[in-house]
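Beneath this line is the structure, given in structure tokens, with notes to follow.
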Amino acid sequence: MAFDHVNFAYGDGTPVIHDVSLQIAAGKTTAIVGATGSGKSTILALIGRLYDCTSGEIFVNGTPIQDLTLASLRRAINIVAQDIVIFNKSIFDNIAYAKPDAPKEAILAAAEKAQILDLLTTRGDAPVGPKGAH
């Protein structure tokens, strides 16, 4: 992925990202860090095409990002937020959140992959509490 002289402003026109150029290597983990208000979340929003840049270009494997379908783009990226999001529901419901129609076997497989299958089988129906407090 590459940013080439990317600029972005929200609706009021105030520039948030100014002349950002960077290369993100395919298959590598890349962390975007910085002070509050420095544009980290905006960069992630541009990568996920929640917004389009005001000027400049973003490329994925040499293809302009706007030429990719949203589905193919979003399947190709993973974003780990700095804040955890756990709903005050059961562990099972939290795992199933993205795919509420997923079969039970898929939820169990996801729990096994996350190494929490034992927790799911012993406490899967118990509410986790706000932000996982329980």
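By convention in this document, the chains of the structure tokens carry letters A, B, ... by their order, each chain's residues are numbered from 1, and ligands are numbered from 1 in the order they are shown.
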
Applying 9 Å and only C-alpha atoms, which residues near stretch 68-78 of chain A remain after dropping the ones on its own chain fewer than 2 positions away? List them as a short mmCIF file (atom, residue, chain, number, x, y, z; two decimals) with N, CA and C atoms, in the first residue's frame.
```cif
data_model
loop_
_atom_site.label_atom_id
_atom_site.label_comp_id
_atom_site.auth_asym_id
_atom_site.auth_seq_id
_atom_site.Cartn_x
_atom_site.Cartn_y
_atom_site.Cartn_z
N ILE A 47 -7.66 4.32 4.57
CA ILE A 47 -7.30 2.98 4.10
C ILE A 47 -8.56 2.13 3.90
N GLY A 48 -9.51 2.24 4.80
CA GLY A 48 -10.75 1.47 4.69
C GLY A 48 -11.80 2.11 3.80
N ARG A 49 -11.46 3.22 3.16
CA ARG A 49 -12.35 3.99 2.28
C ARG A 49 -13.63 4.43 2.96
N VAL A 60 -3.05 0.30 -3.73
CA VAL A 60 -2.91 -1.04 -3.17
C VAL A 60 -2.35 -1.90 -4.29
N THR A 63 -2.56 -0.38 -7.65
CA THR A 63 -3.89 -0.02 -8.16
C THR A 63 -4.46 1.11 -7.30
N PRO A 64 -4.98 2.16 -7.92
CA PRO A 64 -5.62 3.22 -7.12
C PRO A 64 -6.73 2.63 -6.25
N ILE A 65 -6.75 3.02 -5.00
CA ILE A 65 -7.67 2.43 -4.03
C ILE A 65 -9.13 2.59 -4.45
N GLN A 66 -9.46 3.67 -5.13
CA GLN A 66 -10.86 3.88 -5.53
C GLN A 66 -11.28 2.94 -6.67
N VAL A 80 -6.46 -3.22 14.09
CA VAL A 80 -6.57 -3.50 15.51
C VAL A 80 -6.69 -2.16 16.22
#
```

Skip A:Asp4 itself and residues of its chain fewer than 2 positions away, then list as a PDB file with N, CA and C atoms, in the first residue's frame all residues within 6 Å of it, counting only C-alpha atoms.
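part39.pdb written:
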```pdb
ATOM      1  N   VAL A   6      -0.825  12.487  -0.019  1.00  0.00           N
ATOM      2  CA  VAL A   6      -2.236  12.463   0.366  1.00  0.00           C
ATOM      3  C   VAL A   6      -2.574  13.645   1.275  1.00  0.00           C
ATOM      4  N   SER A  21       3.118  10.925   2.459  1.00  0.00           N
ATOM      5  CA  SER A  21       3.589   9.899   1.532  1.00  0.00           C
ATOM      6  C   SER A  21       4.223   8.797   2.367  1.00  0.00           C
ATOM      7  N   GLY A  56      -4.093  13.836  -3.795  1.00  0.00           N
ATOM      8  CA  GLY A  56      -3.103  12.778  -3.696  1.00  0.00           C
ATOM      9  C   GLY A  56      -3.765  11.451  -4.017  1.00  0.00           C
ATOM     10  N   GLU A  57      -3.001  10.381  -3.895  1.00  0.00           N
ATOM     11  CA  GLU A  57      -3.548   9.063  -4.224  1.00  0.00           C
ATOM     12  C   GLU A  57      -3.089   8.016  -3.226  1.00  0.00           C
TER      13      GLU A  57
END
```

Show which residues sit within 8 Å of A:Thr42, as a PyMOL selection string. Count only C-alpha atoms, and ignore same-chain residues fewer than 4 positions away. chain A and resi 16-17+46

Would you output that residue set with C-alpha atoms, as a short mmCIF file (atom, residue, chain, number, x, y, z; two decimals), in the first residue's frame?
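Final output, saved to out15.cif:
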```cif
data_model
loop_
_atom_site.label_atom_id
_atom_site.label_comp_id
_atom_site.auth_asym_id
_atom_site.auth_seq_id
_atom_site.Cartn_x
_atom_site.Cartn_y
_atom_site.Cartn_z
CA VAL A 16 -6.28 16.94 8.93
CA ILE A 17 -3.75 15.09 6.77
CA LEU A 46 -8.75 6.49 4.39
#
```

Near A:Ala9, counting only C-alpha atoms, which residues have an atom at most 12 Å away, once you skip same-chain residues fewer than 3 positions from it, shown as a list in words? Val6, Asp12, Gly13, Thr14, Pro15, Val16, Ile17, His18, Asp19, Gly39, Thr42, Ile43, Leu46, Tyr51, Asp52, Cys53, Thr54 and Ser55 of chain A

Go ahead and dump the residues you just picked, N, CA and C atoms, as an mmCIF file, in the first residue's frame.
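File part27.cif, as written:
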```
data_model
loop_
_atom_site.group_PDB
_atom_site.id
_atom_site.type_symbol
_atom_site.label_atom_id
_atom_site.label_comp_id
_atom_site.auth_asym_id
_atom_site.auth_seq_id
_atom_site.Cartn_x
_atom_site.Cartn_y
_atom_site.Cartn_z
ATOM 1 N N VAL A 6 -0.825 12.487 -0.019
ATOM 2 C CA VAL A 6 -2.236 12.463 0.366
ATOM 3 C C VAL A 6 -2.574 13.645 1.275
ATOM 4 N N ASP A 12 -15.728 20.473 7.172
ATOM 5 C CA ASP A 12 -15.552 21.912 7.402
ATOM 6 C C ASP A 12 -14.355 22.488 6.656
ATOM 7 N N GLY A 13 -13.582 21.625 5.985
ATOM 8 C CA GLY A 13 -12.458 22.088 5.183
ATOM 9 C C GLY A 13 -11.142 22.212 5.924
ATOM 10 N N THR A 14 -11.140 21.976 7.227
ATOM 11 C CA THR A 14 -9.904 22.064 8.000
ATOM 12 C C THR A 14 -9.013 20.873 7.661
ATOM 13 N N PRO A 15 -7.787 21.123 7.164
ATOM 14 C CA PRO A 15 -6.894 20.015 6.811
ATOM 15 C C PRO A 15 -6.541 19.169 8.036
ATOM 16 N N VAL A 16 -6.628 17.867 7.863
ATOM 17 C CA VAL A 16 -6.280 16.940 8.934
ATOM 18 C C VAL A 16 -5.014 16.174 8.555
ATOM 19 N N ILE A 17 -4.922 15.784 7.314
ATOM 20 C CA ILE A 17 -3.752 15.094 6.766
ATOM 21 C C ILE A 17 -3.186 15.997 5.678
ATOM 22 N N HIS A 18 -1.878 16.270 5.758
ATOM 23 C CA HIS A 18 -1.268 17.173 4.777
ATOM 24 C C HIS A 18 -0.015 16.540 4.183
ATOM 25 N N ASP A 19 -0.059 16.270 2.879
ATOM 26 C CA ASP A 19 1.089 15.802 2.100
ATOM 27 C C ASP A 19 1.769 14.568 2.702
ATOM 28 N N GLY A 39 -3.878 12.231 13.508
ATOM 29 C CA GLY A 39 -4.373 11.722 12.237
ATOM 30 C C GLY A 39 -4.349 10.218 12.079
ATOM 31 N N THR A 42 -7.730 8.893 11.123
ATOM 32 C CA THR A 42 -8.062 9.380 9.781
ATOM 33 C C THR A 42 -7.335 8.563 8.722
ATOM 34 N N ILE A 43 -6.071 8.240 8.956
ATOM 35 C CA ILE A 43 -5.318 7.402 8.014
ATOM 36 C C ILE A 43 -6.005 6.044 7.873
ATOM 37 N N LEU A 46 -9.082 6.375 5.812
ATOM 38 C CA LEU A 46 -8.754 6.489 4.386
ATOM 39 C C LEU A 46 -8.399 5.121 3.806
ATOM 40 N N TYR A 51 -13.590 7.327 3.988
ATOM 41 C CA TYR A 51 -13.489 8.636 3.340
ATOM 42 C C TYR A 51 -12.530 8.493 2.169
ATOM 43 N N ASP A 52 -12.647 9.381 1.205
ATOM 44 C CA ASP A 52 -11.672 9.460 0.119
ATOM 45 C C ASP A 52 -10.790 10.670 0.364
ATOM 46 N N CYS A 53 -9.520 10.569 -0.025
ATOM 47 C CA CYS A 53 -8.609 11.690 0.208
ATOM 48 C C CYS A 53 -9.033 12.899 -0.629
ATOM 49 N N THR A 54 -8.706 14.082 -0.109
ATOM 50 C CA THR A 54 -9.038 15.331 -0.789
ATOM 51 C C THR A 54 -8.179 15.490 -2.038
ATOM 52 N N SER A 55 -6.900 15.140 -1.911
ATOM 53 C CA SER A 55 -5.994 15.132 -3.058
ATOM 54 C C SER A 55 -4.886 14.132 -2.776
#
```

Can you tell me, as a VMD selection string, which residues in chain A count as helix (DSSP H, G or I) by DSSP? chain A and resid 40 to 47 65 to 67 70 to 76 91 to 96 104 to 113 117 to 123 130 to 132

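Those residues of chain A that DSSP, working from the backbone, places in strand (DSSP E or B) are Ala2, Phe3, Asp4, His5, Val6, Asn7, Phe8, Ala9, Pro15, Val16, Ile17, His18, Asp19, Val20, Ser21, Leu22, Gln23, Ser55, Gly56, Glu57, Ile58, Phe59, Val60, Thr63, Pro64, Ser90 and Pro127 of chain A.
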